[in-house]
$ cat model06.cif   # mmCIF, C-alpha atoms
data_protein
#
loop_
_atom_site.label_atom_id
_atom_site.label_comp_id
_atom_site.auth_asym_id
_atom_site.auth_seq_id
_atom_site.Cartn_x
_atom_site.Cartn_y
_atom_site.Cartn_z
CA MET A 11 50.08 75.67 68.40
CA ILE A 12 50.15 78.11 71.32
CA GLN A 13 50.36 81.67 70.05
CA ALA A 14 49.29 83.60 73.16
CA VAL A 15 49.54 83.45 76.94
CA LEU A 16 46.98 85.10 79.21
CA PHE A 17 47.49 85.56 82.94
CA ASP A 18 45.29 86.12 85.93
CA LEU A 19 46.44 89.04 88.10
CA GLY A 20 45.71 88.17 91.74
CA GLY A 21 47.46 84.98 92.80
CA VAL A 22 49.46 84.80 89.57
CA LEU A 23 51.24 88.06 88.79
CA HIS A 24 51.09 88.96 92.45
CA THR A 25 50.04 87.38 95.73
CA SER A 26 48.65 89.17 98.77
CA ALA A 27 49.10 89.06 102.52
CA PRO A 28 46.77 90.36 105.24
CA SER A 29 47.84 93.59 106.92
CA GLN A 30 45.97 95.16 109.82
CA GLU A 31 47.84 98.41 109.25
CA LYS A 32 46.79 98.54 105.60
CA GLU A 33 43.19 97.65 106.46
CA GLN A 34 43.00 100.52 108.93
CA SER A 35 44.58 102.93 106.45
CA PHE A 36 42.18 101.78 103.72
CA ALA A 37 39.15 102.25 105.98
CA ALA A 38 40.20 105.74 107.00
CA GLU A 39 40.82 106.78 103.39
CA ALA A 40 37.54 105.28 102.14
CA LEU A 41 35.61 107.09 104.87
CA ARG A 42 37.38 110.31 103.91
CA VAL A 43 36.45 109.89 100.23
CA LEU A 44 32.85 109.26 101.17
CA ALA A 45 32.76 112.32 103.44
CA GLU A 46 34.30 114.51 100.74
CA ASN A 47 31.47 113.42 98.46
CA GLY A 48 28.75 114.31 100.96
CA MET A 49 28.40 110.91 102.65
CA ASP A 50 29.60 111.13 106.24
CA LEU A 51 28.83 107.67 107.61
CA ALA A 52 29.60 108.62 111.22
CA ALA A 53 31.31 105.26 111.63
CA SER A 54 34.70 104.36 113.07
CA PRO A 55 37.21 102.61 110.77
CA ASP A 56 36.69 99.38 112.75
CA ASP A 57 32.90 99.51 112.43
CA PHE A 58 33.19 100.39 108.75
CA LEU A 59 35.54 97.44 108.14
CA ALA A 60 33.24 95.03 109.97
CA VAL A 61 30.29 96.01 107.78
CA LEU A 62 32.33 96.11 104.59
CA ASN A 63 33.94 92.71 105.11
CA ARG A 64 30.58 91.10 105.79
CA GLN A 65 28.92 92.70 102.79
CA ALA A 66 31.87 91.96 100.50
CA LYS A 67 31.31 88.27 101.21
CA GLU A 68 27.65 88.71 100.29
CA TYR A 69 28.59 90.36 97.01
CA LYS A 70 31.06 87.57 96.27
CA LYS A 71 28.29 84.99 96.72
CA HIS A 72 25.93 87.02 94.56
CA SER A 73 28.42 87.53 91.73
CA GLU A 74 29.42 83.87 91.69
CA LEU A 75 25.81 82.82 91.10
CA ASP A 76 25.49 84.51 87.70
CA CYS A 77 29.12 85.43 86.90
CA LYS A 78 28.16 89.08 86.45
CA GLU A 79 30.09 92.10 87.71
CA LEU A 80 27.95 95.04 88.72
CA ALA A 81 28.92 98.64 88.04
CA PRO A 82 31.02 100.08 90.88
CA SER A 83 28.26 102.39 92.09
CA ARG A 84 25.86 99.45 92.37
CA VAL A 85 28.42 97.29 94.19
CA TRP A 86 28.84 99.93 96.86
CA SER A 87 25.18 100.96 97.10
CA GLU A 88 23.52 97.55 96.93
CA PHE A 89 26.13 95.56 98.84
CA PHE A 90 29.16 97.20 100.47
CA LEU A 91 27.25 100.14 101.98
CA LYS A 92 23.82 98.52 102.13
CA ASP A 93 23.67 98.88 105.93
CA PHE A 94 24.23 102.63 105.59
CA ALA A 95 21.45 103.08 102.99
CA VAL A 96 23.58 105.20 100.65
CA PRO A 97 21.78 105.88 97.33
CA GLU A 98 23.60 104.88 94.16
CA GLU A 99 23.43 108.33 92.56
CA LYS A 100 25.54 109.80 95.36
CA LEU A 101 28.20 107.13 94.84
CA ILE A 102 28.61 107.47 91.08
CA PRO A 103 31.26 110.24 91.24
CA CYS A 104 33.51 108.33 93.66
CA ALA A 105 32.68 104.65 93.15
CA GLU A 106 35.70 103.89 90.97
CA ARG A 107 37.98 105.52 93.53
CA LEU A 108 36.43 103.42 96.29
CA CYS A 109 36.85 100.26 94.21
CA TYR A 110 40.48 101.13 93.56
CA LEU A 111 41.09 101.55 97.29
CA PHE A 112 39.33 98.24 97.96
CA ASP A 113 41.48 96.37 95.42
CA ALA A 114 44.80 98.13 96.02
CA LYS A 115 45.03 99.25 99.62
CA ARG A 116 43.57 96.62 101.96
CA LYS A 117 46.39 94.05 101.73
CA GLU A 118 50.09 93.80 101.10
CA LEU A 119 50.51 93.02 97.40
CA LEU A 120 53.63 91.07 96.47
CA PRO A 121 54.68 90.66 92.82
CA ARG A 122 55.65 87.10 91.93
CA PRO A 123 59.38 86.39 91.68
CA ASN A 124 60.69 86.34 88.11
CA LEU A 125 57.63 88.17 86.77
CA ARG A 126 59.43 90.68 84.60
CA GLU A 127 61.96 88.14 83.32
CA THR A 128 59.24 85.65 82.42
CA VAL A 129 57.17 88.21 80.53
CA ARG A 130 60.26 89.43 78.67
CA GLU A 131 61.21 85.89 77.59
CA LEU A 132 57.69 84.99 76.47
CA LYS A 133 57.48 88.20 74.48
CA GLY A 134 60.85 87.39 72.93
CA MET A 135 59.43 84.07 71.73
CA GLY A 136 56.89 85.98 69.65
CA LEU A 137 53.91 85.17 71.87
CA LYS A 138 51.05 87.60 72.41
CA LEU A 139 50.37 88.31 76.07
CA GLY A 140 47.36 89.48 78.04
CA VAL A 141 45.51 89.54 81.35
CA ILE A 142 42.02 88.32 82.28
CA SER A 143 40.99 89.36 85.78
CA ASN A 144 37.96 89.49 88.05
CA ILE A 145 38.34 92.96 89.55
CA LEU A 146 36.20 95.86 90.79
CA SER A 147 38.44 98.75 89.72
CA ALA A 148 39.01 99.52 86.06
CA ALA A 149 42.26 101.35 86.85
CA PHE A 150 43.80 98.80 89.20
CA VAL A 151 45.05 96.13 86.77
CA ARG A 152 46.76 98.56 84.42
CA GLU A 153 48.35 100.43 87.31
CA ARG A 154 49.76 97.18 88.70
CA LEU A 155 51.10 96.10 85.32
CA ALA A 156 52.86 99.45 84.99
CA LEU A 157 54.22 99.22 88.54
CA TYR A 158 55.60 95.73 87.84
CA GLY A 159 57.21 96.91 84.61
CA VAL A 160 55.21 94.69 82.25
CA ALA A 161 52.43 96.97 80.98
CA ASP A 162 54.04 97.53 77.58
CA SER A 163 54.26 93.77 77.03
CA MET A 164 50.53 93.15 77.49
CA ASP A 165 48.58 93.23 74.23
CA CYS A 166 45.16 92.87 75.88
CA VAL A 167 43.69 93.53 79.32
CA MET A 168 40.22 92.07 79.91
CA THR A 169 38.55 92.82 83.25
CA SER A 170 35.22 91.84 84.75
CA VAL A 171 34.33 95.43 85.63
CA GLU A 172 34.73 96.51 81.99
CA THR A 173 32.98 93.50 80.43
CA GLY A 174 30.38 92.90 83.14
CA ILE A 175 31.38 89.21 83.03
CA ARG A 176 33.24 87.31 85.74
CA LYS A 177 35.28 84.15 85.47
CA PRO A 178 34.54 81.25 85.18
CA ASP A 179 32.07 82.38 82.49
CA LYS A 180 33.74 81.32 79.27
CA ARG A 181 32.77 84.57 77.55
CA ILE A 182 35.44 86.62 79.32
CA PHE A 183 38.09 84.09 78.24
CA LEU A 184 36.82 84.17 74.67
CA ALA A 185 36.86 87.97 74.79
CA GLY A 186 40.50 87.85 75.88
CA ALA A 187 41.42 85.54 73.02
CA ALA A 188 39.52 87.75 70.57
CA GLY A 189 41.29 90.81 71.94
CA LEU A 190 44.58 89.19 70.98
CA GLY A 191 43.24 88.03 67.62
CA VAL A 192 44.09 84.40 68.45
CA PRO A 193 41.74 81.37 68.47
CA ALA A 194 41.03 80.09 71.98
CA SER A 195 42.54 76.74 71.03
CA ASP A 196 45.87 78.52 70.47
CA CYS A 197 45.82 80.29 73.86
CA ALA A 198 47.36 79.28 77.17
CA TYR A 199 45.95 80.52 80.47
CA ILE A 200 47.82 80.73 83.76
CA GLY A 201 45.66 81.01 86.85
CA ASP A 202 45.64 80.08 90.52
CA ARG A 203 42.05 78.90 91.06
CA ILE A 204 40.43 75.72 89.82
CA SER A 205 36.96 77.24 90.30
CA ARG A 206 37.59 80.27 88.10
CA ASP A 207 40.65 79.67 85.99
CA VAL A 208 40.82 75.97 85.14
CA ILE A 209 37.09 75.44 84.74
CA GLY A 210 36.53 78.71 82.85
CA SER A 211 39.42 78.45 80.41
CA ARG A 212 38.58 74.81 79.70
CA LYS A 213 34.98 75.74 78.89
CA ALA A 214 36.32 78.38 76.51
CA GLY A 215 38.42 75.76 74.72
CA PHE A 216 41.86 77.11 75.63
CA GLY A 217 44.63 74.89 74.32
CA LEU A 218 46.73 74.89 77.49
CA VAL A 219 45.80 75.48 81.13
CA MET A 220 48.36 76.01 83.88
CA LEU A 221 47.88 76.51 87.61
CA ILE A 222 50.46 78.28 89.73
CA ARG A 223 50.45 77.12 93.33
CA TRP A 224 49.38 79.42 96.13
CA ASP A 225 48.30 77.98 99.47
CA GLU A 226 45.39 80.39 99.89
CA SER A 227 43.88 79.42 96.54
CA GLU A 228 44.45 75.71 97.06
CA LYS A 229 42.59 75.84 100.38
CA LYS A 230 39.62 77.63 98.84
CA ASP A 231 39.33 75.13 95.99
CA ALA A 232 40.28 71.93 97.82
CA HIS A 233 36.80 70.51 97.18
CA LEU A 234 37.37 70.87 93.43
CA ALA A 235 40.71 69.04 93.33
CA LEU A 236 39.30 66.23 91.18
CA PRO A 237 40.84 64.41 88.20
CA GLU A 238 38.50 66.12 85.73
CA ASN A 239 39.65 69.54 87.00
CA GLU A 240 43.36 68.86 86.82
CA PRO A 241 45.24 71.51 84.79
CA ASP A 242 47.69 70.51 82.09
CA PHE A 243 50.55 71.69 84.30
CA ARG A 244 51.06 72.86 87.87
CA ILE A 245 53.92 75.24 88.53
CA ASP A 246 55.46 76.88 91.60
CA ASP A 247 57.23 79.79 89.92
CA LEU A 248 56.51 81.87 86.84
CA LYS A 249 59.92 81.00 85.41
CA GLU A 250 58.64 77.44 84.90
#
$ encode --input "model06.cif" --output "structure tokens"
Amino acid sequence: MIQAVLFDLGGVLHTSAPSQEKEQSFAAEALRVLAENGMDLAASPDDFLAVLNRQAKEYKKHSELDCKELAPSRVWSEFFLKDFAVPEEKLIPCAERLCYLFDAKRKELLPRPNLRETVRELKGMGLKLGVISNILSAAFVRERLALYGVADSMDCVMTSVETGIRKPDKRIFLAGAAGLGVPASDCAYIGDRISRDVIGSRKAGFGLVMLIRWDESEKKDAHLALPENEPDFRIDDLKE
């Protein structure tokens, strides 16, 4: 019997849309943070973005190979700012801030319709609720939950940056279930990606797997749309 529901954040509790204005603002603020911490890169926002976007793709490939999340200072030193040869020790004081800016400020973030109502109704049914998210910033998920008015309803927040484990590794799903004190077989997971959410929660033995539709996620995982990867349910809106 399902006793708990765990959500992904990006793609599920909110979606995102590209924004050139936000990208430029993010780049300028990140460069300012770096300069304030003794790292003046002498780069324009456009040049900084070009390097960062290329290196972020490299980090994504790297992290998907072993499902490990590096500490923020290592992410920025070894990948994001690799071209600028910034030593990790200089980044330690500001790495979390940079990760927060990267997660929160580059795109327009749009909470899903009916988010608050859905969470309230699930909580009213006596279900335990939580979040499992691949994310670079430890502060970002909790800030978003508070902003969307659902933080008090979440009994567990499990992030890759805090565990060092990225989805689809089953261990982060099992950690989420353990954090709620519920067997994995009695947990439901709602995600948007076959590659991370369906495959990972299935490996962890979750009792119910749901996929909420988002065009961007479906395009990325089109090659995985196979019968063996089909979730138990596909939904278009959280109220479902």
$ residues_around --input "model06.cif" --residues "Ser170 in chain A" --least-positions-apart "6" --cutoff "9 Å" --atoms "all atoms listed in the file" --output "VMD selection string"
chain A and resid 78 to 80 142 to 146 148 176 to 177 182
$ write_last_selection --input "model06.cif" --atoms "C-alpha atoms" --output "CSV table (one decimal), in the coordinates of the input"
chain,number,residue,atom,x,y,z
A,78,LYS,CA,28.2,89.1,86.4
A,79,GLU,CA,30.1,92.1,87.7
A,80,LEU,CA,28.0,95.0,88.7
A,142,ILE,CA,42.0,88.3,82.3
A,143,SER,CA,41.0,89.4,85.8
A,144,ASN,CA,38.0,89.5,88.0
A,145,ILE,CA,38.3,93.0,89.6
A,146,LEU,CA,36.2,95.9,90.8
A,148,ALA,CA,39.0,99.5,86.1
A,176,ARG,CA,33.2,87.3,85.7
A,177,LYS,CA,35.3,84.2,85.5
A,182,ILE,CA,35.4,86.6,79.3
$ residues_around --input "model06.cif" --residues "Ala194 in chain A" --least-positions-apart "5" --cutoff "10 Å" --atoms "all atoms listed in the file" --output "list in words"
Ile12, Gln13, Ala14, Phe183, Leu184, Ala185, Gly186, Ala187, Ala188, Tyr199, Ser211, Arg212, Ala214, Gly215, Phe216, Gly217 and Leu218 of chain A
$ axis_aligned_box --input "model06.cif" --around "range 191-195 of chain A" --padding-each-side "4 Å" --output "lines of an AutoDock Vina configuration file"
center_x = 42.6
center_y = 82.4
center_z = 69.8
size_x = 11.1
size_y = 19.3
size_z = 12.4
$ closest_atom_pairs --input "model06.cif" --of "range 105-201 of chain A" --to "range 241-246 of chain A" --cutoff "12 Å" --atoms "only C-alpha atoms" --output "JSON lines"
{"residue": "A:Arg122", "atom": "CA", "partner": "A:Asp246", "partner_atom": "CA", "distance": 10.2}
{"residue": "A:Pro123", "atom": "CA", "partner": "A:Asp246", "partner_atom": "CA", "distance": 10.3}
{"residue": "A:Asn124", "atom": "CA", "partner": "A:Asp246", "partner_atom": "CA", "distance": 11.4}
{"residue": "A:Ala198", "atom": "CA", "partner": "A:Asp242", "partner_atom": "CA", "distance": 10.1}
{"residue": "A:Tyr199", "atom": "CA", "partner": "A:Pro241", "partner_atom": "CA", "distance": 10.0}
{"residue": "A:Ile200", "atom": "CA", "partner": "A:Arg244", "partner_atom": "CA", "distance": 9.5}
{"residue": "A:Gly201", "atom": "CA", "partner": "A:Pro241", "partner_atom": "CA", "distance": 9.7}
$ atom_distance --input "model06.cif" --atom1 "CA of Ser83 in chain A" --atom2 "CA of Val151 in chain A"
18.7 Å
$ resolve_selection --input "model06.cif" --expression "the PyMOL selection byres ((chain A and resi 110) around 8)" --output "compact mmCIF listing (two decimals) with C-alpha atoms, keeping the file's coordinate frame"
# COMPACT_ATOMS: atom_id res chain seq x y z
CA GLU A 106 35.70 103.89 90.97
CA ARG A 107 37.98 105.52 93.53
CA LEU A 108 36.43 103.42 96.29
CA CYS A 109 36.85 100.26 94.21
CA LEU A 111 41.09 101.55 97.29
CA PHE A 112 39.33 98.24 97.96
CA ASP A 113 41.48 96.37 95.42
CA ALA A 114 44.80 98.13 96.02
CA LYS A 115 45.03 99.25 99.62
CA LEU A 146 36.20 95.86 90.79
CA SER A 147 38.44 98.75 89.72
CA ALA A 148 39.01 99.52 86.06
CA ALA A 149 42.26 101.35 86.85
CA PHE A 150 43.80 98.80 89.20
$ residues_around --input "model06.cif" --residues "range 46-58 of chain A" --least-positions-apart "3" --cutoff "12 Å" --atoms "only C-alpha atoms" --output "PyMOL selection string"
chain A and resi 30-43+61-66+87+90-105+107-108
$ closest_residue --input "model06.cif" --among "A:Leu120, A:Leu44, A:Cys197, A:Leu221" --to "Lys138 in chain A" --atoms "all atoms listed in the file"
A:Cys197
$ atom_distance --input "model06.cif" --atom1 "CA of Lys230 in chain A" --atom2 "CA of Arg206 in chain A"
11.2 Å
$ atom_distance --input "model06.cif" --atom1 "CA of Ile209 in chain A" --atom2 "CA of His233 in chain A"
13.4 Å
$ closest_residue --input "model06.cif" --among "A:His24, A:Arg223, A:Lys213, A:Arg84" --to "Ser195 in chain A" --atoms "all atoms listed in the file"
A:Lys213
$ closest_residue --input "model06.cif" --among "A:Asp165, A:Glu240, A:Glu118, A:Val219" --to "Gly136 in chain A" --atoms "all atoms listed in the file"
A:Asp165
$ resolve_selection --input "model06.cif" --expression "the PyMOL selection byres ((chain A and resi 25) around 9)" --output "PyMOL selection string"
chain A and resi 19-24+26-27+118-122+224
$ resolve_selection --input "model06.cif" --expression "the PyMOL selection byres ((chain A and resi 141) around 8)" --output "mmCIF file with C-alpha atoms, keeping the file's coordinate frame"
data_model
loop_
_atom_site.group_PDB
_atom_site.id
_atom_site.type_symbol
_atom_site.label_atom_id
_atom_site.label_comp_id
_atom_site.auth_asym_id
_atom_site.auth_seq_id
_atom_site.Cartn_x
_atom_site.Cartn_y
_atom_site.Cartn_z
ATOM 1 C CA LEU A 16 46.980 85.100 79.210
ATOM 2 C CA PHE A 17 47.490 85.560 82.940
ATOM 3 C CA ASP A 18 45.290 86.120 85.930
ATOM 4 C CA LEU A 19 46.440 89.040 88.100
ATOM 5 C CA LEU A 139 50.370 88.310 76.070
ATOM 6 C CA GLY A 140 47.360 89.480 78.040
ATOM 7 C CA ILE A 142 42.020 88.320 82.280
ATOM 8 C CA SER A 143 40.990 89.360 85.780
ATOM 9 C CA MET A 164 50.530 93.150 77.490
ATOM 10 C CA CYS A 166 45.160 92.870 75.880
ATOM 11 C CA VAL A 167 43.690 93.530 79.320
ATOM 12 C CA MET A 168 40.220 92.070 79.910
ATOM 13 C CA THR A 169 38.550 92.820 83.250
ATOM 14 C CA GLY A 186 40.500 87.850 75.880
#
$ residues_near_point --input "model06.cif" --point "(62.1, 89.8, 83.9)" --cutoff "12 Å" --atoms "only C-alpha atoms" --output "PyMOL selection string"
chain A and resi 121-134+158-160+163+248-249
$ closest_residue --input "model06.cif" --among "A:Ala60, A:Ile204, A:Leu190, A:Leu236" --to "Leu137 in chain A" --atoms "only C-alpha atoms"
A:Leu190
